[in-house]
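To be precise, the following lines are coords.pdb, and they hold PDB, C-alpha atoms.
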```pdb
ATOM      1  CA  MET I  22     -21.121  -9.489 -11.524
ATOM      2  CA  LYS I  23     -20.948  -7.611  -8.248
ATOM      3  CA  LEU I  24     -17.343  -8.108  -7.194
ATOM      4  CA  SER I  25     -14.010  -8.878  -8.803
ATOM      5  CA  LEU I  26     -11.082  -9.847  -6.567
ATOM      6  CA  ILE I  27      -7.613  -9.342  -8.027
ATOM      7  CA  ILE I  28      -4.584 -10.946  -6.407
ATOM      8  CA  VAL I  29      -1.057 -10.287  -7.619
ATOM      9  CA  SER I  30       1.270 -13.163  -6.833
ATOM     10  CA  TYR I  31       5.055 -13.289  -6.888
ATOM     11  CA  ASN I  32       6.697 -16.309  -5.276
ATOM     12  CA  THR I  33       4.174 -16.536  -2.440
ATOM     13  CA  ARG I  34       2.677 -19.954  -3.230
ATOM     14  CA  ASP I  35       1.800 -21.061   0.305
ATOM     15  CA  TYR I  36       0.363 -17.674   1.246
ATOM     16  CA  LEU I  37      -1.568 -17.540  -2.019
ATOM     17  CA  GLU I  38      -3.205 -20.872  -1.256
ATOM     18  CA  GLU I  39      -4.396 -19.637   2.128
ATOM     19  CA  CYS I  40      -5.556 -16.353   0.591
ATOM     20  CA  LEU I  41      -7.697 -18.152  -2.005
ATOM     21  CA  LYS I  42      -9.107 -20.492   0.615
ATOM     22  CA  SER I  43     -10.178 -17.534   2.743
ATOM     23  CA  ILE I  44     -12.013 -16.021  -0.213
ATOM     24  CA  TYR I  45     -14.014 -19.127  -1.034
ATOM     25  CA  ASP I  46     -14.705 -19.746   2.655
ATOM     26  CA  THR I  47     -15.943 -16.180   3.104
ATOM     27  CA  PHE I  48     -18.339 -15.523   0.243
ATOM     28  CA  GLN I  49     -21.818 -16.987   0.294
ATOM     29  CA  ASP I  50     -24.449 -14.827  -1.368
ATOM     30  CA  ILE I  51     -22.290 -12.463  -3.453
ATOM     31  CA  ALA I  52     -21.683 -12.978  -7.168
ATOM     32  CA  PHE I  53     -17.913 -12.708  -7.523
ATOM     33  CA  GLU I  54     -14.918 -13.694  -9.595
ATOM     34  CA  VAL I  55     -11.276 -14.160  -8.650
ATOM     35  CA  ILE I  56      -8.388 -13.157 -10.895
ATOM     36  CA  VAL I  57      -4.818 -14.106 -10.027
ATOM     37  CA  VAL I  58      -2.060 -12.255 -11.866
ATOM     38  CA  ASP I  59       1.139 -14.229 -11.406
ATOM     39  CA  ASN I  60       4.264 -12.158 -11.990
ATOM     40  CA  ALA I  61       6.449 -14.978 -13.346
ATOM     41  CA  SER I  62       6.768 -16.785 -10.014
ATOM     42  CA  ALA I  63       9.315 -19.582  -9.809
ATOM     43  CA  ASP I  64       7.689 -21.418  -6.893
ATOM     44  CA  GLY I  65       4.744 -23.080  -8.620
ATOM     45  CA  SER I  66       2.175 -20.411  -7.781
ATOM     46  CA  ALA I  67       0.607 -20.562 -11.242
ATOM     47  CA  ALA I  68       0.417 -24.362 -11.156
ATOM     48  CA  LEU I  69      -1.275 -24.209  -7.747
ATOM     49  CA  VAL I  70      -4.014 -22.005  -9.150
ATOM     50  CA  GLN I  71      -4.490 -24.194 -12.230
ATOM     51  CA  ASN I  72      -4.635 -27.447 -10.276
ATOM     52  CA  LYS I  73      -6.484 -26.521  -7.068
ATOM     53  CA  TYR I  74      -8.565 -23.525  -8.137
ATOM     54  CA  PRO I  75      -9.583 -24.044 -11.779
ATOM     55  CA  GLN I  76     -12.480 -21.607 -11.282
ATOM     56  CA  VAL I  77      -9.958 -18.781 -10.837
ATOM     57  CA  SER I  78      -8.954 -16.732 -13.880
ATOM     58  CA  LEU I  79      -5.169 -16.943 -14.106
ATOM     59  CA  LEU I  80      -3.049 -14.377 -15.913
ATOM     60  CA  ALA I  81       0.474 -15.805 -16.045
ATOM     61  CA  GLN I  82       2.914 -13.015 -16.873
ATOM     62  CA  GLU I  83       6.179 -13.777 -18.642
ATOM     63  CA  THR I  84       8.069 -11.279 -16.483
ATOM     64  CA  ASN I  85       7.586  -9.539 -13.157
ATOM     65  CA  THR I  86       5.629  -6.479 -14.264
ATOM     66  CA  GLY I  87       5.332  -4.960 -10.791
ATOM     67  CA  PHE I  88       2.374  -4.467  -8.467
ATOM     68  CA  GLY I  89       0.558  -1.659 -10.269
ATOM     69  CA  ARG I  90       0.841  -2.978 -13.830
ATOM     70  CA  ALA I  91      -0.232  -6.444 -12.711
ATOM     71  CA  ASN I  92      -3.340  -5.086 -10.987
ATOM     72  CA  ASN I  93      -4.168  -3.058 -14.081
ATOM     73  CA  SER I  94      -3.898  -6.238 -16.163
ATOM     74  CA  GLY I  95      -6.290  -7.982 -13.806
ATOM     75  CA  PHE I  96      -8.705  -5.065 -13.883
ATOM     76  CA  ASN I  97      -8.755  -5.085 -17.692
ATOM     77  CA  VAL I  98     -10.240  -8.609 -17.738
ATOM     78  CA  SER I  99     -12.543  -8.110 -14.740
ATOM     79  CA  CYS I 100     -16.243  -7.329 -14.894
ATOM     80  CA  GLY I 101     -17.313  -6.607 -11.311
ATOM     81  CA  ASP I 102     -19.123  -3.431 -10.294
ATOM     82  CA  TYR I 103     -16.602  -3.275  -7.453
ATOM     83  CA  VAL I 104     -12.976  -4.378  -7.549
ATOM     84  CA  MET I 105     -11.008  -5.582  -4.540
ATOM     85  CA  LEU I 106      -7.221  -5.711  -4.665
ATOM     86  CA  LEU I 107      -5.893  -8.151  -2.090
ATOM     87  CA  ASN I 108      -2.298  -9.072  -1.309
ATOM     88  CA  SER I 109      -1.459 -12.710  -1.867
ATOM     89  CA  ASP I 110      -0.103 -12.926   1.699
ATOM     90  CA  ALA I 111      -3.360 -11.666   3.227
ATOM     91  CA  VAL I 112      -6.553 -13.473   4.166
ATOM     92  CA  LEU I 113     -10.103 -12.206   4.366
ATOM     93  CA  LEU I 114     -11.855 -12.468   7.704
ATOM     94  CA  PRO I 115     -15.594 -13.206   7.943
ATOM     95  CA  GLY I 116     -17.764 -10.183   7.211
ATOM     96  CA  THR I 117     -14.976  -7.897   6.015
ATOM     97  CA  ALA I 118     -15.684  -7.947   2.289
ATOM     98  CA  ALA I 119     -19.443  -7.596   2.836
ATOM     99  CA  ALA I 120     -18.913  -4.582   5.128
ATOM    100  CA  LEU I 121     -16.629  -2.879   2.612
ATOM    101  CA  LEU I 122     -19.128  -3.486  -0.189
ATOM    102  CA  ASP I 123     -22.000  -2.181   1.925
ATOM    103  CA  PHE I 124     -20.041   0.980   2.654
ATOM    104  CA  LEU I 125     -19.389   1.794  -1.010
ATOM    105  CA  GLU I 126     -23.005   1.016  -1.921
ATOM    106  CA  GLU I 127     -24.266   3.323   0.834
ATOM    107  CA  HIS I 128     -21.781   6.110   0.003
ATOM    108  CA  PRO I 129     -21.882   6.673  -3.772
ATOM    109  CA  GLN I 130     -19.408   9.554  -3.524
ATOM    110  CA  ALA I 131     -16.659   7.280  -2.158
ATOM    111  CA  GLY I 132     -14.013   6.084  -4.579
ATOM    112  CA  ALA I 133     -12.285   3.464  -2.440
ATOM    113  CA  VAL I 134     -12.218   2.016   1.059
ATOM    114  CA  GLY I 135      -9.791  -0.128   3.014
ATOM    115  CA  PRO I 136      -9.982  -2.136   6.260
ATOM    116  CA  ALA I 137      -7.804  -2.366   9.324
ATOM    117  CA  VAL I 138      -5.015  -4.936   9.067
ATOM    118  CA  TYR I 139      -4.051  -7.411  11.764
ATOM    119  CA  LEU I 140      -0.752  -9.258  11.933
ATOM    120  CA  PRO I 141      -0.594 -12.980  12.812
ATOM    121  CA  ASP I 142       0.212 -12.132  16.444
ATOM    122  CA  GLY I 143      -3.045 -10.190  16.748
ATOM    123  CA  LYS I 144      -1.483  -6.733  16.715
ATOM    124  CA  LEU I 145      -2.702  -4.000  14.396
ATOM    125  CA  GLN I 146      -0.378  -3.355  11.484
ATOM    126  CA  THR I 147       0.759   0.255  11.398
ATOM    127  CA  ARG I 148       1.166   2.517   8.394
ATOM    128  CA  ILE I 149      -1.845   1.225   6.486
ATOM    129  CA  CYS I 150      -3.508   4.619   5.912
ATOM    130  CA  GLY I 151      -2.602   8.246   6.224
ATOM    131  CA  ASN I 152      -2.417  11.764   4.858
ATOM    132  CA  LEU I 153      -1.253  12.687   1.386
ATOM    133  CA  PRO I 154       2.302  14.072   1.107
ATOM    134  CA  SER I 155       2.554  17.835   1.558
ATOM    135  CA  LEU I 156       5.224  20.171   2.871
ATOM    136  CA  CYS I 157       3.472  20.038   6.241
ATOM    137  CA  THR I 158       3.238  16.243   6.480
ATOM    138  CA  LEU I 159       6.787  15.788   5.161
ATOM    139  CA  PHE I 160       8.130  18.236   7.752
ATOM    140  CA  ASN I 161       6.288  16.586  10.628
ATOM    141  CA  GLU I 162       7.386  13.147   9.462
ATOM    142  CA  SER I 163      11.008  14.147   8.908
ATOM    143  CA  PHE I 164      11.410  15.715  12.354
ATOM    144  CA  PHE I 165       9.424  13.075  14.273
ATOM    145  CA  LEU I 166       6.701  15.554  15.271
ATOM    146  CA  SER I 167       3.885  13.318  14.042
ATOM    147  CA  ARG I 168       5.357  10.426  16.057
ATOM    148  CA  LEU I 169       5.948  12.450  19.210
ATOM    149  CA  PHE I 170       2.456  13.965  19.091
ATOM    150  CA  PRO I 171       0.353  11.405  17.180
ATOM    151  CA  ARG I 172      -2.991  12.623  18.499
ATOM    152  CA  LEU I 173      -2.433  16.342  17.879
ATOM    153  CA  ALA I 174      -4.049  17.607  14.681
ATOM    154  CA  LEU I 175      -1.372  20.312  14.627
ATOM    155  CA  PHE I 176       1.250  17.771  13.540
ATOM    156  CA  PRO I 177      -0.224  15.531  10.823
ATOM    157  CA  GLY I 178       2.228  13.056   9.337
ATOM    158  CA  LEU I 179       2.152  10.724   6.372
ATOM    159  CA  HIS I 180       0.641   7.956   8.512
ATOM    160  CA  ARG I 181      -2.430   7.983  10.731
ATOM    161  CA  GLU I 182      -2.455   5.680  13.723
ATOM    162  CA  GLY I 183      -4.867   5.073  16.564
ATOM    163  CA  LEU I 184      -8.035   5.875  14.624
ATOM    164  CA  ALA I 185     -11.014   5.109  16.835
ATOM    165  CA  ALA I 186     -13.952   6.111  14.643
ATOM    166  CA  PRO I 187     -15.553   3.247  12.699
ATOM    167  CA  VAL I 188     -15.007   5.148   9.427
ATOM    168  CA  THR I 189     -12.538   7.932   8.675
ATOM    169  CA  GLU I 190     -11.855   9.830   5.470
ATOM    170  CA  VAL I 191      -8.116   9.625   4.835
ATOM    171  CA  GLY I 192      -5.649  10.675   2.176
ATOM    172  CA  TRP I 193      -4.583   7.156   1.233
ATOM    173  CA  ILE I 194      -5.125   3.494   2.102
ATOM    174  CA  SER I 195      -2.699   0.611   1.852
ATOM    175  CA  GLY I 196      -2.455  -1.632  -1.196
ATOM    176  CA  VAL I 197      -2.657  -4.649   1.118
ATOM    177  CA  CYS I 198      -6.437  -4.476   0.637
ATOM    178  CA  MET I 199      -8.301  -1.847  -1.369
ATOM    179  CA  LEU I 200     -11.903  -1.945  -2.558
ATOM    180  CA  PHE I 201     -12.611   0.362  -5.515
ATOM    181  CA  ARG I 202     -15.758   1.473  -7.180
ATOM    182  CA  ARG I 203     -15.221   0.355 -10.772
ATOM    183  CA  GLU I 204     -16.063   3.771 -12.177
ATOM    184  CA  ALA I 205     -13.503   5.439  -9.911
ATOM    185  CA  TYR I 206     -10.701   3.051 -10.902
ATOM    186  CA  GLN I 207     -11.515   3.622 -14.564
ATOM    187  CA  LYS I 208     -11.613   7.415 -14.195
ATOM    188  CA  VAL I 209      -8.035   7.531 -12.883
ATOM    189  CA  ASN I 210      -6.842   4.900 -15.395
ATOM    190  CA  GLY I 211      -5.755   2.574 -12.615
ATOM    191  CA  PHE I 212      -2.259   2.520 -11.186
ATOM    192  CA  ASP I 213       0.513   4.594 -12.702
ATOM    193  CA  PRO I 214       2.696   2.014 -14.521
ATOM    194  CA  ASP I 215       5.799   4.085 -13.756
ATOM    195  CA  PHE I 216       5.603   2.856 -10.142
ATOM    196  CA  PHE I 217       7.007  -0.674 -10.096
ATOM    197  CA  LEU I 218       6.651  -1.008  -6.329
ATOM    198  CA  TYR I 219       6.044   1.314  -3.345
ATOM    199  CA  ALA I 220       3.856   4.434  -3.105
ATOM    200  CA  GLU I 221       1.617   3.359  -5.990
ATOM    201  CA  ASP I 222      -1.248   3.122  -3.484
ATOM    202  CA  ILE I 223      -0.629   6.689  -2.289
ATOM    203  CA  ASP I 224      -0.437   7.870  -5.898
ATOM    204  CA  ILE I 225      -3.746   6.349  -7.000
ATOM    205  CA  CYS I 226      -5.487   7.746  -3.911
ATOM    206  CA  LEU I 227      -4.096  11.203  -4.717
ATOM    207  CA  ARG I 228      -5.510  10.991  -8.231
ATOM    208  CA  LEU I 229      -8.862   9.783  -6.896
ATOM    209  CA  LYS I 230      -9.028  12.811  -4.596
ATOM    210  CA  ASN I 231      -8.102  15.153  -7.455
ATOM    211  CA  LEU I 232     -11.121  13.870  -9.384
ATOM    212  CA  GLY I 233     -13.462  14.214  -6.421
ATOM    213  CA  TRP I 234     -13.461  10.613  -5.194
ATOM    214  CA  PRO I 235     -12.683  10.544  -1.426
ATOM    215  CA  VAL I 236     -10.978   7.547   0.177
ATOM    216  CA  TYR I 237     -11.966   5.955   3.485
ATOM    217  CA  HIS I 238     -10.528   3.683   6.155
ATOM    218  CA  MET I 239     -12.801   1.370   8.177
ATOM    219  CA  HIS I 240     -11.284   0.712  11.572
ATOM    220  CA  ASN I 241     -13.857  -1.758  12.871
ATOM    221  CA  ILE I 242     -13.354  -4.453  10.204
ATOM    222  CA  ALA I 243     -10.105  -6.133   9.256
ATOM    223  CA  ILE I 244      -8.070  -8.612   7.270
ATOM    224  CA  ARG I 245      -5.058 -10.618   8.432
ATOM    225  CA  HIS I 246      -1.694  -9.941   6.805
ATOM    226  CA  TYR I 247       1.195 -12.383   7.036
ATOM    227  CA  ARG I 248       3.699  -9.990   5.459
ATOM    228  CA  GLY I 249       5.212 -12.848   3.508
ATOM    229  CA  GLY I 250       7.440 -10.511   1.552
ATOM    230  CA  SER I 251       8.967  -8.912   4.625
ATOM    231  CA  SER I 252      11.791 -11.416   5.148
ATOM    232  CA  GLN I 253      14.550  -9.433   3.462
ATOM    233  CA  SER I 254      18.270  -9.017   3.801
ATOM    234  CA  ASN I 255      19.548  -5.818   5.384
ATOM    235  CA  GLN I 256      20.805  -4.650   1.993
ATOM    236  CA  LYS I 257      17.368  -5.202   0.470
ATOM    237  CA  LYS I 258      15.748  -3.211   3.280
ATOM    238  CA  ILE I 259      18.150  -0.341   2.613
ATOM    239  CA  ASP I 260      17.507  -0.452  -1.140
ATOM    240  CA  ASN I 261      13.748  -0.483  -0.547
ATOM    241  CA  SER I 262      13.917   2.522   1.787
ATOM    242  CA  VAL I 263      15.589   4.484  -1.015
ATOM    243  CA  LEU I 264      12.956   3.410  -3.518
ATOM    244  CA  GLN I 265      10.126   4.304  -1.130
ATOM    245  CA  GLN I 266      11.549   7.794  -0.644
ATOM    246  CA  ARG I 267      12.065   8.291  -4.372
ATOM    247  CA  HIS I 268       8.506   7.288  -5.196
ATOM    248  CA  LEU I 269       7.042   9.392  -2.393
ATOM    249  CA  LEU I 270       8.788  12.445  -3.835
ATOM    250  CA  LYS I 271       7.445  11.481  -7.235
ATOM    251  CA  VAL I 272       3.883  11.451  -5.877
ATOM    252  CA  PHE I 273       4.418  14.808  -4.159
ATOM    253  CA  ALA I 274       5.792  16.354  -7.344
ATOM    254  CA  LYS I 275       2.592  15.627  -9.274
ATOM    255  CA  ASN I 276       0.741  18.458  -7.491
ATOM    256  CA  ALA I 277       3.682  20.674  -6.538
ATOM    257  CA  ALA I 278       5.470  23.701  -7.961
ATOM    258  CA  LYS I 279       9.237  23.548  -8.508
ATOM    259  CA  TRP I 280       9.960  25.557  -5.359
ATOM    260  CA  GLU I 281       7.803  23.169  -3.344
ATOM    261  CA  ILE I 282       9.690  20.162  -4.707
ATOM    262  CA  LEU I 283      13.012  21.770  -3.805
ATOM    263  CA  THR I 284      11.709  22.654  -0.336
ATOM    264  CA  ALA I 285      10.495  19.083   0.172
ATOM    265  CA  ARG I 286      13.932  17.734  -0.683
ATOM    266  CA  VAL I 287      15.582  20.145   1.750
ATOM    267  CA  ILE I 288      13.149  19.133   4.505
ATOM    268  CA  ILE I 289      13.782  15.438   3.894
ATOM    269  CA  SER I 290      17.549  16.021   3.776
ATOM    270  CA  LEU I 291      17.559  17.820   7.124
ATOM    271  CA  GLY I 292      15.441  15.062   8.618
ATOM    272  CA  LEU I 293      17.892  12.463   7.318
ATOM    273  CA  ILE I 294      20.818  14.352   8.855
ATOM    274  CA  LEU I 295      18.958  14.202  12.172
ATOM    275  CA  ARG I 296      18.491  10.458  11.683
ATOM    276  CA  LEU I 297      22.185  10.038  10.905
ATOM    277  CA  ILE I 298      23.084  11.697  14.207
ATOM    278  CA  VAL I 299      20.618   9.534  16.158
ATOM    279  CA  ALA I 300      21.672   6.368  14.325
ATOM    280  CA  ALA I 301      25.389   7.048  14.808
ATOM    281  CA  ALA I 302      24.866   7.472  18.549
ATOM    282  CA  GLY I 303      22.790   4.310  18.734
ATOM    283  CA  ALA I 304      25.273   2.288  16.687
ATOM    284  CA  ALA I 305      28.165   3.508  18.847
ATOM    285  CA  ALA I 306      26.257   2.292  21.894
ATOM    286  CA  GLY I 307      25.772  -1.104  20.266
ATOM    287  CA  LYS I 308      21.981  -0.869  20.069
ATOM    288  CA  ASN I 309      20.210  -3.209  17.660
ATOM    289  CA  GLY I 310      18.938  -1.812  14.374
ATOM    290  CA  TYR I 311      20.848   1.443  14.417
ATOM    291  CA  ARG I 312      23.482   0.311  11.933
ATOM    292  CA  ILE I 313      20.760  -0.358   9.384
ATOM    293  CA  LEU I 314      19.181   3.033  10.122
ATOM    294  CA  LEU I 315      22.589   4.649   9.687
ATOM    295  CA  ALA I 316      23.187   2.957   6.346
ATOM    296  CA  SER I 317      19.684   3.568   4.979
ATOM    297  CA  SER I 318      19.670   7.236   6.064
ATOM    298  CA  TRP I 319      23.019   7.800   4.352
ATOM    299  CA  ARG I 320      21.835   6.139   1.141
ATOM    300  CA  ARG I 321      18.610   8.114   1.192
ATOM    301  CA  LEU I 322      20.497  11.370   1.755
ATOM    302  CA  GLN I 323      22.679  10.638  -1.256
ATOM    303  CA  ASP I 324      19.604   9.907  -3.358
ATOM    304  CA  VAL I 325      17.240  12.687  -2.333
ATOM    305  CA  PHE I 326      18.430  15.203  -4.932
ATOM    306  CA  ARG I 327      18.504  12.793  -7.848
ATOM    307  CA  ALA I 328      16.842  14.420 -10.846
ATOM    308  CA  GLU I 329      14.471  11.479 -11.378
ATOM    309  CA  ALA I 330      13.381  11.414  -7.726
ATOM    310  CA  GLY I 331      10.736  13.981  -8.459
TER
END
```
Show me, as structure tokens, the structure contained in the file I just sent.
Amino acid sequence: MKLSLIIVSYNTRDYLEECLKSIYDTFQDIAFEVIVVDNASADGSAALVQNKYPQVSLLAQETNTGFGRANNSGFNVSCGDYVMLLNSDAVLLPGTAAALLDFLEEHPQAGAVGPAVYLPDGKLQTRICGNLPSLCTLFNESFFLSRLFPRLALFPGLHREGLAAPVTEVGWISGVCMLFRREAYQKVNGFDPDFFLYAEDIDICLRLKNLGWPVYHMHNIAIRHYRGGSSQSNQKKIDNSVLQQRHLLKVFAKNAAKWEILTARVIISLGLILRLIVAAAGAAAGKNGYRILLASSWRRLQDVFRAEAG
């Protein structure tokens, strides 16, 4: 078997159906299997797979085990030489999977590769690849330097935008779509199960790099992402921003000394104070979105020195 596709589903029935359709419409001459890991959805996702796609291997979980654990479960029953992880609210576009496979076959040193991601309106999704967290990238991100000077190598941030080269080695690629060499995924023991959601893609890419498996982004091929899980309440957005920060610090701490972890927290805290000032001014002027930024920055500031954050 050349390729295994693993899709983790959680209450995304309609998106999942379109995702599966895109897979079977796309592949012609490649031997592949599809594995859907359903994280105890309540919307009939598992029944959809059983009734409309009986050829798909379905792993119906009794509880929501999280993104990383669910993908690991799918990997454990897969047999492909290459393993693609694809969001249930994403669809493959013609030629994308074949191009990703060709790249890994032609570059045996590569551990994983990811495509560009387009939104339904045709715009490129941002924040789908970037640099690994370091004191430098955290500083530039916290004080907006990487956003103010996105094309200056002097100010690398956590995210890399505007890549023009067809292929670029990066620190991490987004979990929306990741193609792994099976050996590489096995060597790092898959996703860290301690990450329920957020930053698990950055973490696995860090561990790939530590074992000598570089990660690449292909700008000239793409998938479409509907971002079906993005319709959230303001409170949920605030809670998620805290969790993202906590997990990012956790990834950073894996390769950092204690003084570096403390310094990272100070940098993030100062950046959050700057955001509080900006958000307070924007909220006072009645500008949209600044009240959420104010609330999330305050929550993140309160959380940044939690013992378990790193």
Name the residues captured by the PyMOL selection byres ((chain I and resi 297) around 8) when it is applied to the shown file; answer as a ChimeraX atom specification. /I:293-296,298-301,314-315,318-319
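Closest to Phe201 of chain I among I:Gln130, I:Thr47, I:Thr284, I:Asn85 is I:Gln130, based on only C-alpha atoms.
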For Tyr237 of chain I, please output as an MDAnalysis selection string all residues within 9 Å (counting all atoms listed in the file; exclusion window: fewer than 5 positions along the same chain). chainID I and resid 131:136 150 188:194
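As for atom CA of Glu83 of chain I and atom CA of Ile225 of chain I, they are spaced 25.3 Å apart.
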Run the PyMOL selection byres ((chain I and resi 29) around 10) mentally over the shown coordinates, then write out the matched residues as a VMD selection string, using the chain letters and numbers from the document. chain I and resid 27 to 28 30 to 31 33 37 56 to 60 80 87 to 92 94 to 95 106 to 110
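Taking atom CA of Phe176 of chain I and atom CA of Leu159 of chain I as the two end points, the separation is 10.2 Å.
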So which residues get picked by the PyMOL selection byres ((chain I and resi 145) around 12) here, written as a list in words? Pro136, Ala137, Val138, Tyr139, Leu140, Pro141, Asp142, Gly143, Lys144, Gln146, Thr147, Arg148, Ile149, Glu182, Gly183, Leu184, His240, Asn241, Ile242, Ala243, Ile244, Arg245, His246 and Tyr247 of chain I
Selection file, C-alpha atoms, as an mmCIF file, in the coordinates of the input:
```cif
data_model
loop_
_atom_site.group_PDB
_atom_site.id
_atom_site.type_symbol
_atom_site.label_atom_id
_atom_site.label_comp_id
_atom_site.auth_asym_id
_atom_site.auth_seq_id
_atom_site.Cartn_x
_atom_site.Cartn_y
_atom_site.Cartn_z
ATOM 1 C CA PRO I 136 -9.982 -2.136 6.260
ATOM 2 C CA ALA I 137 -7.804 -2.366 9.324
ATOM 3 C CA VAL I 138 -5.015 -4.936 9.067
ATOM 4 C CA TYR I 139 -4.051 -7.411 11.764
ATOM 5 C CA LEU I 140 -0.752 -9.258 11.933
ATOM 6 C CA PRO I 141 -0.594 -12.980 12.812
ATOM 7 C CA ASP I 142 0.212 -12.132 16.444
ATOM 8 C CA GLY I 143 -3.045 -10.190 16.748
ATOM 9 C CA LYS I 144 -1.483 -6.733 16.715
ATOM 10 C CA GLN I 146 -0.378 -3.355 11.484
ATOM 11 C CA THR I 147 0.759 0.255 11.398
ATOM 12 C CA ARG I 148 1.166 2.517 8.394
ATOM 13 C CA ILE I 149 -1.845 1.225 6.486
ATOM 14 C CA GLU I 182 -2.455 5.680 13.723
ATOM 15 C CA GLY I 183 -4.867 5.073 16.564
ATOM 16 C CA LEU I 184 -8.035 5.875 14.624
ATOM 17 C CA HIS I 240 -11.284 0.712 11.572
ATOM 18 C CA ASN I 241 -13.857 -1.758 12.871
ATOM 19 C CA ILE I 242 -13.354 -4.453 10.204
ATOM 20 C CA ALA I 243 -10.105 -6.133 9.256
ATOM 21 C CA ILE I 244 -8.070 -8.612 7.270
ATOM 22 C CA ARG I 245 -5.058 -10.618 8.432
ATOM 23 C CA HIS I 246 -1.694 -9.941 6.805
ATOM 24 C CA TYR I 247 1.195 -12.383 7.036
#
```
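Our summary of the geometry notes that atom CA of Ile288 of chain I is positioned 12.7 Å from atom CA of Arg321 of chain I.
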I'd like a table as a tab-separated table: residues in segment 117-200 of chain I with an atom no more than 12 Å from segment 102-105 of chain I, each row giving the shortest atom pair and its distance in Å to one decimal, all atoms listed in the file counted, sorted by chain and rising residue number.
```
residue	atom	partner	partner_atom	distance
I:Thr117	CA	I:Met105	CA	11.5
I:Ala118	CA	I:Met105	CA	8.6
I:Ala119	CA	I:Met105	CA	11.4
I:Leu121	CA	I:Met105	CA	9.5
I:Leu122	CA	I:Tyr103	CA	7.7
I:Asp123	CA	I:Tyr103	CA	10.9
I:Phe124	CA	I:Tyr103	CA	11.5
I:Leu125	CA	I:Tyr103	CA	8.7
I:Glu126	CA	I:Tyr103	CA	9.5
I:Pro129	CA	I:Tyr103	CA	11.8
I:Ala131	CA	I:Tyr103	CA	11.8
I:Gly132	CA	I:Tyr103	CA	10.1
I:Ala133	CA	I:Met105	CA	9.4
I:Val134	CA	I:Met105	CA	9.5
I:Gly135	CA	I:Met105	CA	9.4
I:Pro136	CA	I:Met105	CA	11.4
I:Gly196	CA	I:Met105	CA	10.0
I:Val197	CA	I:Met105	CA	10.1
I:Cys198	CA	I:Met105	CA	7.0
I:Met199	CA	I:Met105	CA	5.6
I:Leu200	CA	I:Met105	CA	4.2
```
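Taking all atoms listed in the file into account, Gly116 of chain I lies nearest to I:Ile44 out of the set I:Leu24, I:Leu291, I:Ile44, I:Val272.
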Around the point (3.3, 5.8, -12.3) in the file's coordinates, collect all residues with an atom within 9 Å, using all atoms listed in the file, and return them as a list in words. Gly89, Phe212, Asp213, Pro214, Asp215, Phe216, Phe217, Glu221, Asp224, Ile225, His268, Lys271 and Val272 of chain I
If we count all atoms listed in the file and set the cut-off at 10 Å, which residues sit around Ala274 of chain I, ignoring sequence neighbours fewer than 5 positions away in its own chain? Please answer as a VMD selection string. chain I and resid 154 to 155 268 to 269 279 281 to 283 285 330 to 331
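Closest approach to Ile259 of chain I among I:Arg320, I:Val236, I:Leu218, I:Lys230 is made by I:Arg320 (distances from all atoms listed in the file).
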Could you list, as an NGL selection string, every residue within 6 Å of Lys23 of chain I, counting only C-alpha atoms and ignoring same-chain residues fewer than 3 positions away? :I and (52-53 or 101-102)
Could you list, as a ChimeraX atom specification, every residue within 12 Å of Phe160 of chain I, counting all atoms listed in the file and ignoring same-chain residues fewer than 2 positions away? /I:154-158,162-168,175-179,284-293
Could the residues in this selection be saved with C-alpha atoms as a PDB file, keeping the file's coordinate frame?
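As written to disk, part.pdb reads:
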```
ATOM      1  CA  PRO I 154       2.302  14.072   1.107  1.00  0.00           C
ATOM      2  CA  SER I 155       2.554  17.835   1.558  1.00  0.00           C
ATOM      3  CA  LEU I 156       5.224  20.171   2.871  1.00  0.00           C
ATOM      4  CA  CYS I 157       3.472  20.038   6.241  1.00  0.00           C
ATOM      5  CA  THR I 158       3.238  16.243   6.480  1.00  0.00           C
ATOM      6  CA  GLU I 162       7.386  13.147   9.462  1.00  0.00           C
ATOM      7  CA  SER I 163      11.008  14.147   8.908  1.00  0.00           C
ATOM      8  CA  PHE I 164      11.410  15.715  12.354  1.00  0.00           C
ATOM      9  CA  PHE I 165       9.424  13.075  14.273  1.00  0.00           C
ATOM     10  CA  LEU I 166       6.701  15.554  15.271  1.00  0.00           C
ATOM     11  CA  SER I 167       3.885  13.318  14.042  1.00  0.00           C
ATOM     12  CA  ARG I 168       5.357  10.426  16.057  1.00  0.00           C
ATOM     13  CA  LEU I 175      -1.372  20.312  14.627  1.00  0.00           C
ATOM     14  CA  PHE I 176       1.250  17.771  13.540  1.00  0.00           C
ATOM     15  CA  PRO I 177      -0.224  15.531  10.823  1.00  0.00           C
ATOM     16  CA  GLY I 178       2.228  13.056   9.337  1.00  0.00           C
ATOM     17  CA  LEU I 179       2.152  10.724   6.372  1.00  0.00           C
ATOM     18  CA  THR I 284      11.709  22.654  -0.336  1.00  0.00           C
ATOM     19  CA  ALA I 285      10.495  19.083   0.172  1.00  0.00           C
ATOM     20  CA  ARG I 286      13.932  17.734  -0.683  1.00  0.00           C
ATOM     21  CA  VAL I 287      15.582  20.145   1.750  1.00  0.00           C
ATOM     22  CA  ILE I 288      13.149  19.133   4.505  1.00  0.00           C
ATOM     23  CA  ILE I 289      13.782  15.438   3.894  1.00  0.00           C
ATOM     24  CA  SER I 290      17.549  16.021   3.776  1.00  0.00           C
ATOM     25  CA  LEU I 291      17.559  17.820   7.124  1.00  0.00           C
ATOM     26  CA  GLY I 292      15.441  15.062   8.618  1.00  0.00           C
ATOM     27  CA  LEU I 293      17.892  12.463   7.318  1.00  0.00           C
TER      28      LEU I 293
END
```
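Of the residues listed (I:Arg267, I:Arg248, I:His238, I:Lys42), I:Arg267 shows the shortest atom-to-atom separation from Phe326 of chain I; distances use only C-alpha atoms.
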